[in-house]
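Accompanying notes for the structure given below.
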Amino acid sequence: MTVLAALRAPRATRANALHAGAWWLWALGLATAASRTTNPLLLALIVAVTGYVVAARRTDAPWARSYAAFLKLALLVLAVRMVFTTLLGSPIPGTVVLFTLPEIPLPEWAQGVRLGGRVTAEGLVFSLYEGLKLATILVCLGAANALANPARLLKSLPAALYEAGLAVVVAMTFAPHLVADVRRLRAARRLRGRDDKGVRAVLRIGLPVLEGALERSVALAASMDARGYGRTARVPAAVRRTTAVLTLGGLLGVCAGTYGLLASEGAAHGLPVLLLGLAAALGGLWLGGRRSVRSRYRPDRWGARAWLVSASGAVVAAAVIRAAAGVPEALRPSVTPLTVPELPLWPAAAVLIGLLPALVAPVPDAPAGADDATGRRAEETPPAKETTRA
Amino acid sequence: MIRFDQVSVTYEDAAVPALHGVDLTVDEGELVLVVGPSGTGKSTLLNTVSGLVPHFTGGTLHGRVTVAGRDTRDHKPRELADVVGTVGQDPLAHFVTDTVEDELAYGMESLGLPPDTMRRRVEETLDLLGLAELRDRPTATLSGGQMQRVAIGSVLTTHPKALVLDEPTSALDPAAAEEVLAVLQRLVHDLGTTVLLAEHRLERVVQYADRVLLLPAPGAAPVLGDPAEVMALSPVRPPVVALGRLAGWSPPPLSVRDARRRAAGLRERLAPLVPPAGDGPGRASSTVPPLAEVSSLAVHRGRIAALRGVDLTVRPGETVALMGRNGAGKSTLLNALVGVHEPTRGRIRLGGASGGASGVVPHRTKPSELLRHVGLVPQDPRDLLYADTVAAECAAADRDTGAEPGTCRALVSSLLPDVPDTTHPRDLSEGQRLALALAVVLSAAPPLLLLDEPTRGLDYAAKERLTGVLRSLADDGHAIVLATHDVELAAELAHRVVVLADGEVVADGPSAEVVTSSPAFAPQTAKILSPQPWLTVHQVRAALAGAGGGA
């Protein structure tokens, strides 16, 4: 019983917050698994797993709404893919013709491109599978976005990247301000007796909105400067040069290694190159961090729960990669001839391990509801006494 | 602590220096209040202390400013971050991170303080400023007073020797302003922090100042001295000082308490007199059809009920002040009256020129038509101004409203006698910009005029002009509704005060009754002369002059 009690997820507080990196590793694990299969049942299962975890562990923060946005984006990608297959045909030879579109004859130089013509079931199913794969990867990224606090992730960045990272995070917080500005200025157009609806109204206020954004950024820059942003320590020139070489070389190595790993051939030397590049880049970043005098306030700790969450993602990825090698026919159901995809049992069971975060990650507070109204109410005492109504 | 040594500042494209001949020393643990009309270089003076002038803003600084022995010419703002804490006018623009706790730690992180020191200081600061319950809140969801306190806390954690604040209470409701001032008081008394503070709302702060630095006119030499002495010759002064001068008290009192103790004689003289009755409510008898009728209005914004069950009737010639703390629903009500928000329940009808007996419903009316019924000057007048010269703005306003060409320009000239046509609206001062926006709105001659926080950032002179303009508009039969935190303005102008709290009307009655019954909303004159029903220095002056003439 006591073991169970200890395992039960605690309420999330600042002290036990799950490391943002753990969420990203988990989501990347699932995304890797999705990239290795086209089985629609398995892909749907992965989407369901991310959906469940997000529903169980997301906060009420603005970024937490990005899951729905990514879901819509994924559907859009899928739809675009299907439309293109229908219109442009598919490289998959098919025999089951569903319908035939009028074909538009194209000139000589456009040979190999087809507009209209036969639409086969095989072609459609193939692009549905491929589209689903891409959509699932997008959904996994959406889940990471929704669950990991970008500002906390920033705290875990190497010191050398901090300032660039902060610029990105600040830019992200500007987006909601811009939306609010557009809304306010559109309302103001109404006050001038001009139409406040339609695209033209939005375009007209473009300049004032930009001016406002610019003013705000200047004010923020002044405030950051006055608060010590960009204080640096002196480092010898040799160290600076070594930093540059290590970082650039390392990043090139990472690119080459990743390409080797992802391409179907060359996986053998891909891994060592990737690791070497990674090591060099990390060394460069560590050296670069010596220029920064910053310290960190309460960075998220990488505790047992973070290990569990990231490991669950890694296990899913490893299991599906393994299965892709062992039972390729189950993970890539054939389209010529068309077959009904089956749910391969043990890879499916492995994907379910991805649900672990919904059990072990700390539970965020219930959505605070109208937090900005209730909070204010609680904070300040009512200034006015009852008076007679005139 | 802070030394100004023959300092003058000239911005690049300016002919005259923004600041000239400042030569003074601010001692450790002093609270120095910087006062003066708009445009006399208060912000420039404050920013020279943090080094933002000239390092960030450009311009040329002559002379020398030293803070805790560091010369701002050789130290960039970031290198002064550990001795000077700066808080600007808009706390939202100050926040770098997204939660209160991270915001408090940000400055210390930049300085590279060790983690356990940071942890300790954050906890101390949370307690010092009463922010402990807010520690995990996103900064964007805080109320105005809370934001200002967090902004102050965020610069306090680095334990600066000097704190520089530019209009910290201007945007706040009276209660929130008290909150912030109490914190400053505590810093000066308990921690010995040196505070340099600029503020237009002198009635809120002057009593806390150890010394006052007066910048009387652009480029004129500043005067530093004892608050009472400086107030005696200052062109800007709070009502308590104005009343003191009227009564011939010398030195003038600075706080309501001082004044009350001396006011026995004045109260006796005033006892037989009665304040001039407000003419609005009398004239606006219930037989005149109302210009706006709001009945059981509810507006929901997202999941938040911004207004619920609000009833309000506005008649011609009446000036109504909407009061209540930040976030009480004042702006939402004004916006609903111009159709920006659609009522969730209840209804709004606007009468007026072509509305006929039934009136119009704002959110269903075309903007060009609505303009003839109601006009709103928003919180930031810049929202209304798109053109790049005053003349173009006026021409556009005439076109939009279908008014005679030249109508708007004539209005601008009457409100602002000396504004050239070619000025860019963004280069105008706050008061001038407000007047321009007001002229643009008035071009359509709406019978109902709404103003959202019109006195934010205005000095006393600009406020005086605005009061005159609004009063003559009301005399012409316009109805005016203004949402404001400024109790003095409400006392001066409004016939009726409506207090909103949490989206509900909690008080609605003649100004004298409503404002005097609530300590937070009572103007200084009323506090000094209570229980007599005087609200403004003007009333007292007029009554005394009348009595003197009669005798």
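Ordering of the structure tokens sets the chain letters (A, B, ...), residue numbers begin anew at 1 in every chain, and ligands are numbered from 1 in the order given.
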Segment 388-392 of chain B surroundings by only C-alpha atoms, 7 Å radius, close-in-sequence under 5 positions cut, as a PyMOL selection string: chain B and resi 421-425
Mind dumping the selected residues with N, CA, C and O atoms as a CSV table (one decimal), in the first residue's frame?
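Now in part_37.csv:
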chain,number,residue,atom,x,y,z
B,421,ASP,N,-0.7,72.3,-38.0
B,421,ASP,CA,-1.3,71.2,-38.8
B,421,ASP,C,-0.4,70.1,-39.1
B,421,ASP,O,-0.8,68.9,-39.2
B,422,THR,N,0.9,70.3,-39.1
B,422,THR,CA,1.8,69.3,-39.6
B,422,THR,C,2.4,68.4,-38.5
B,422,THR,O,3.1,67.5,-38.8
B,423,THR,N,2.0,68.6,-37.3
B,423,THR,CA,2.5,67.8,-36.2
B,423,THR,C,2.0,66.4,-36.4
B,423,THR,O,0.9,66.1,-36.8
B,424,HIS,N,2.9,65.4,-36.1
B,424,HIS,CA,2.5,64.0,-36.1
B,424,HIS,C,1.7,63.7,-34.7
B,424,HIS,O,2.2,64.2,-33.7
B,425,PRO,N,0.6,63.1,-34.8
B,425,PRO,CA,-0.2,62.8,-33.6
B,425,PRO,C,0.6,62.2,-32.5
B,425,PRO,O,0.4,62.4,-31.3
Should the cut-off be 7 Å, what would the residue list for chain B against chain A look like, counting only C-alpha atoms, as a ChimeraX atom specification? /B:50,56,77-79,81,86,93-94,105,107,109-115,118,141-143,175,303-304,340,367-368,371,375-376,383-384,386,400-401,506-509,514,518,520
Quick one: pick out all helix (DSSP H, G or I) residues within segment 270-474 of chain B from a backbone DSSP run and write them as a ChimeraX atom specification. /B:270,280-283,330-337,362-364,367-370,381-384,390-401,407-415,425-427,430-442,460-474
Residues of segment 470-541 of chain B that have any atom at most 10 Å from an atom of segment 220-239 of chain B: could you tabulate them with the shortest-distance atom pair and the distance in Å to one decimal, using only C-alpha atoms, ordered by chain and increasing number, as JSON lines?
{"residue": "B:Glu488", "atom": "CA", "partner": "B:Pro239", "partner_atom": "CA", "distance": 8.1}
{"residue": "B:Pro523", "atom": "CA", "partner": "B:Pro239", "partner_atom": "CA", "distance": 8.4}
{"residue": "B:Gln524", "atom": "CA", "partner": "B:Pro239", "partner_atom": "CA", "distance": 6.4}
{"residue": "B:Thr525", "atom": "CA", "partner": "B:Pro239", "partner_atom": "CA", "distance": 6.7}
{"residue": "B:Thr536", "atom": "CA", "partner": "B:Pro239", "partner_atom": "CA", "distance": 7.6}
{"residue": "B:Val537", "atom": "CA", "partner": "B:Pro239", "partner_atom": "CA", "distance": 6.5}
{"residue": "B:His538", "atom": "CA", "partner": "B:Pro239", "partner_atom": "CA", "distance": 9.6}
Since we have the selection now, will you write its residues out, keeping N, CA and C atoms, as a compact mmCIF listing (two decimals), in the first residue's frame?
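Result saved to out.txt:
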# COMPACT_ATOMS: atom_id res chain seq x y z
N GLU B 488 -10.76 63.19 -7.71
CA GLU B 488 -10.85 64.64 -7.78
C GLU B 488 -11.60 65.07 -9.04
N PRO B 523 -12.94 62.85 -2.34
CA PRO B 523 -11.86 63.76 -2.71
C PRO B 523 -11.30 64.41 -1.46
N GLN B 524 -10.08 64.97 -1.58
CA GLN B 524 -9.41 65.51 -0.41
C GLN B 524 -10.21 66.60 0.28
N THR B 525 -10.83 67.48 -0.52
CA THR B 525 -11.58 68.58 0.07
C THR B 525 -12.70 68.04 0.96
N THR B 536 -15.00 70.24 -3.83
CA THR B 536 -13.84 70.74 -4.56
C THR B 536 -13.43 72.09 -4.04
N VAL B 537 -12.17 72.41 -4.34
CA VAL B 537 -11.63 73.71 -3.94
C VAL B 537 -12.40 74.83 -4.65
N HIS B 538 -12.81 74.54 -5.91
CA HIS B 538 -13.57 75.54 -6.67
C HIS B 538 -14.84 75.96 -5.94
So that I can see what lies close to Ser38 of chain B, please list as a ChimeraX atom specification the residues with an atom at most 10 Å from it, counting only C-alpha atoms and leaving out residues fewer than 4 positions away in the same chain. /B:42-43,200,215-218,429-431,457-462
Could you list, as a VMD selection string, every residue within 6 Å of segment 28-35 of chain A, counting only C-alpha atoms and ignoring same-chain residues fewer than 3 positions away? chain A and resid 24 to 25 137 140 313 to 314 317 320
Spatial neighbours of Phe70 of chain A, max dist 12 Å, only C-alpha atoms, sep filter under 4 positions, as a PyMOL selection string: chain A and resi 47+50-51+63-66+74-77+134-146
May I have the selected residues written with N, CA, C and O atoms, as a CSV table (one decimal), in the first residue's frame?
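In the end it all went to out16.csv:
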chain,number,residue,atom,x,y,z
A,47,VAL,N,-1.8,8.4,-31.4
A,47,VAL,CA,-2.5,9.7,-31.2
A,47,VAL,C,-3.4,9.7,-29.9
A,47,VAL,O,-3.4,10.6,-29.1
A,50,THR,N,-1.2,10.1,-26.8
A,50,THR,CA,-0.8,11.5,-26.6
A,50,THR,C,-2.1,12.3,-26.1
A,50,THR,O,-2.0,13.1,-25.2
A,51,GLY,N,-3.2,12.1,-26.7
A,51,GLY,CA,-4.4,12.8,-26.4
A,51,GLY,C,-4.8,12.6,-24.9
A,51,GLY,O,-5.1,13.5,-24.2
A,63,TRP,N,0.1,28.1,-23.6
A,63,TRP,CA,0.7,27.2,-24.5
A,63,TRP,C,0.0,25.8,-24.5
A,63,TRP,O,0.1,25.1,-25.4
A,64,ALA,N,-0.7,25.6,-23.4
A,64,ALA,CA,-1.4,24.3,-23.2
A,64,ALA,C,-2.5,24.1,-24.3
A,64,ALA,O,-2.9,23.0,-24.5
A,65,ARG,N,-2.9,25.2,-24.9
A,65,ARG,CA,-4.0,25.0,-25.9
A,65,ARG,C,-3.4,24.6,-27.2
A,65,ARG,O,-4.1,24.4,-28.2
A,66,SER,N,-2.1,24.5,-27.3
A,66,SER,CA,-1.5,24.2,-28.7
A,66,SER,C,-1.8,22.8,-29.1
A,66,SER,O,-1.7,22.6,-30.3
A,74,ALA,N,-2.6,18.9,-38.2
A,74,ALA,CA,-2.4,17.5,-38.7
A,74,ALA,C,-3.5,17.1,-39.7
A,74,ALA,O,-3.3,16.5,-40.7
A,75,LEU,N,-4.7,17.4,-39.3
A,75,LEU,CA,-5.9,17.1,-40.2
A,75,LEU,C,-5.7,17.8,-41.5
A,75,LEU,O,-6.0,17.2,-42.6
A,76,LEU,N,-5.3,19.1,-41.4
A,76,LEU,CA,-5.1,19.8,-42.7
A,76,LEU,C,-4.1,19.2,-43.6
A,76,LEU,O,-4.3,19.0,-44.8
A,77,VAL,N,-2.9,18.7,-43.0
A,77,VAL,CA,-1.9,18.1,-43.7
A,77,VAL,C,-2.5,16.8,-44.4
A,77,VAL,O,-2.2,16.6,-45.6
A,134,LEU,N,2.6,11.3,-41.0
A,134,LEU,CA,3.1,12.7,-40.8
A,134,LEU,C,2.2,13.4,-39.7
A,134,LEU,O,2.7,14.1,-38.8
A,135,ALA,N,0.9,13.2,-39.9
A,135,ALA,CA,-0.1,13.8,-38.9
A,135,ALA,C,0.2,13.4,-37.5
A,135,ALA,O,0.2,14.2,-36.6
A,136,THR,N,0.5,12.1,-37.3
A,136,THR,CA,0.8,11.6,-36.0
A,136,THR,C,2.0,12.3,-35.4
A,136,THR,O,2.1,12.7,-34.2
A,137,ILE,N,3.1,12.4,-36.2
A,137,ILE,CA,4.3,13.1,-35.7
A,137,ILE,C,4.0,14.5,-35.3
A,137,ILE,O,4.4,14.9,-34.2
A,138,LEU,N,3.2,15.2,-36.1
A,138,LEU,CA,2.8,16.6,-35.7
A,138,LEU,C,2.0,16.6,-34.4
A,138,LEU,O,2.3,17.4,-33.5
A,139,VAL,N,1.1,15.6,-34.2
A,139,VAL,CA,0.4,15.6,-33.0
A,139,VAL,C,1.3,15.3,-31.8
A,139,VAL,O,1.1,15.9,-30.7
A,140,CYS,N,2.3,14.5,-32.0
A,140,CYS,CA,3.3,14.2,-30.9
A,140,CYS,C,4.0,15.6,-30.5
A,140,CYS,O,4.1,15.9,-29.3
A,141,LEU,N,4.4,16.3,-31.5
A,141,LEU,CA,5.0,17.6,-31.2
A,141,LEU,C,4.1,18.5,-30.5
A,141,LEU,O,4.4,19.3,-29.6
A,142,GLY,N,2.8,18.5,-30.9
A,142,GLY,CA,1.8,19.3,-30.3
A,142,GLY,C,1.7,19.0,-28.8
A,142,GLY,O,1.5,19.8,-28.0
A,143,ALA,N,1.7,17.7,-28.5
A,143,ALA,CA,1.6,17.2,-27.1
A,143,ALA,C,2.8,17.8,-26.3
A,143,ALA,O,2.6,18.3,-25.2
A,144,ALA,N,4.0,17.7,-26.9
A,144,ALA,CA,5.1,18.3,-26.1
A,144,ALA,C,5.0,19.8,-25.9
A,144,ALA,O,5.2,20.2,-24.8
A,145,ASN,N,4.5,20.5,-26.9
A,145,ASN,CA,4.2,21.9,-26.8
A,145,ASN,C,3.2,22.2,-25.7
A,145,ASN,O,3.4,23.2,-24.9
A,146,ALA,N,2.2,21.4,-25.6
A,146,ALA,CA,1.1,21.6,-24.7
A,146,ALA,C,1.6,21.3,-23.3
A,146,ALA,O,1.1,21.9,-22.3
Looking only at strand (DSSP E) from DSSP on the backbone, list the matching residues of segment 430-476 of chain B as JSON, numbers by chain. {"B": [448, 449, 450, 451, 452]}
Which is closer to Val122 of chain B than all the others in B:Ser154, B:Gly546, B:Thr97, B:Arg137, using only C-alpha atoms?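 Looking only at the distances to Val122 of chain B, the closest residue turns out to be B:Ser154.
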Excluding Gly270 of chain A and residues on its chain fewer than 6 positions from it, collect all residues at most 10 Å away from it, counting only C-alpha atoms, and give them as a PyMOL selection string. chain A and resi 253-263
Export, as a CSV table (one decimal), in the first residue's frame, the selected residues with N, CA and C atoms.
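Once written, part_27.csv looks like this:
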chain,number,residue,atom,x,y,z
A,253,GLY,N,28.5,17.8,-37.5
A,253,GLY,CA,28.5,16.4,-37.2
A,253,GLY,C,27.1,15.9,-36.9
A,254,VAL,N,26.4,16.7,-36.1
A,254,VAL,CA,25.0,16.2,-35.7
A,254,VAL,C,24.2,16.1,-37.0
A,255,CYS,N,24.3,17.1,-37.9
A,255,CYS,CA,23.5,17.0,-39.1
A,255,CYS,C,23.8,15.8,-39.9
A,256,ALA,N,25.1,15.6,-40.1
A,256,ALA,CA,25.5,14.4,-40.9
A,256,ALA,C,25.0,13.1,-40.3
A,257,GLY,N,25.3,13.0,-39.0
A,257,GLY,CA,24.9,11.8,-38.2
A,257,GLY,C,23.4,11.5,-38.3
A,258,THR,N,22.6,12.6,-38.1
A,258,THR,CA,21.1,12.4,-38.2
A,258,THR,C,20.7,11.9,-39.5
A,259,TYR,N,21.3,12.5,-40.6
A,259,TYR,CA,21.0,12.1,-41.9
A,259,TYR,C,21.3,10.6,-42.1
A,260,GLY,N,22.5,10.2,-41.6
A,260,GLY,CA,22.9,8.8,-41.7
A,260,GLY,C,21.9,7.9,-41.0
A,261,LEU,N,21.4,8.3,-39.9
A,261,LEU,CA,20.5,7.5,-39.1
A,261,LEU,C,19.1,7.4,-39.7
A,262,LEU,N,18.7,8.5,-40.3
A,262,LEU,CA,17.3,8.5,-40.8
A,262,LEU,C,17.2,7.9,-42.2
A,263,ALA,N,18.3,8.1,-43.0
A,263,ALA,CA,18.3,7.5,-44.3
A,263,ALA,C,18.3,5.9,-44.1
Which polymer residues have any atom within 10 Å of an atom of Ser530 of chain B, counting only C-alpha atoms, with same-chain residues fewer than 6 positions away left out, as a PyMOL selection string? chain B and resi 260+267+516+522+524
With C-alpha atoms kept, could you save the residues just selected as a PDB file, in the first residue's frame?
ATOM      1  CA  ARG B 260      -8.109  68.820   9.036  1.00  0.00           C
ATOM      2  CA  ARG B 267     -15.308  74.977   8.562  1.00  0.00           C
ATOM      3  CA  THR B 516     -18.381  61.272   0.582  1.00  0.00           C
ATOM      4  CA  ALA B 522     -13.822  60.824  -1.258  1.00  0.00           C
ATOM      5  CA  GLN B 524      -9.407  65.512  -0.408  1.00  0.00           C
TER       6      GLN B 524
END
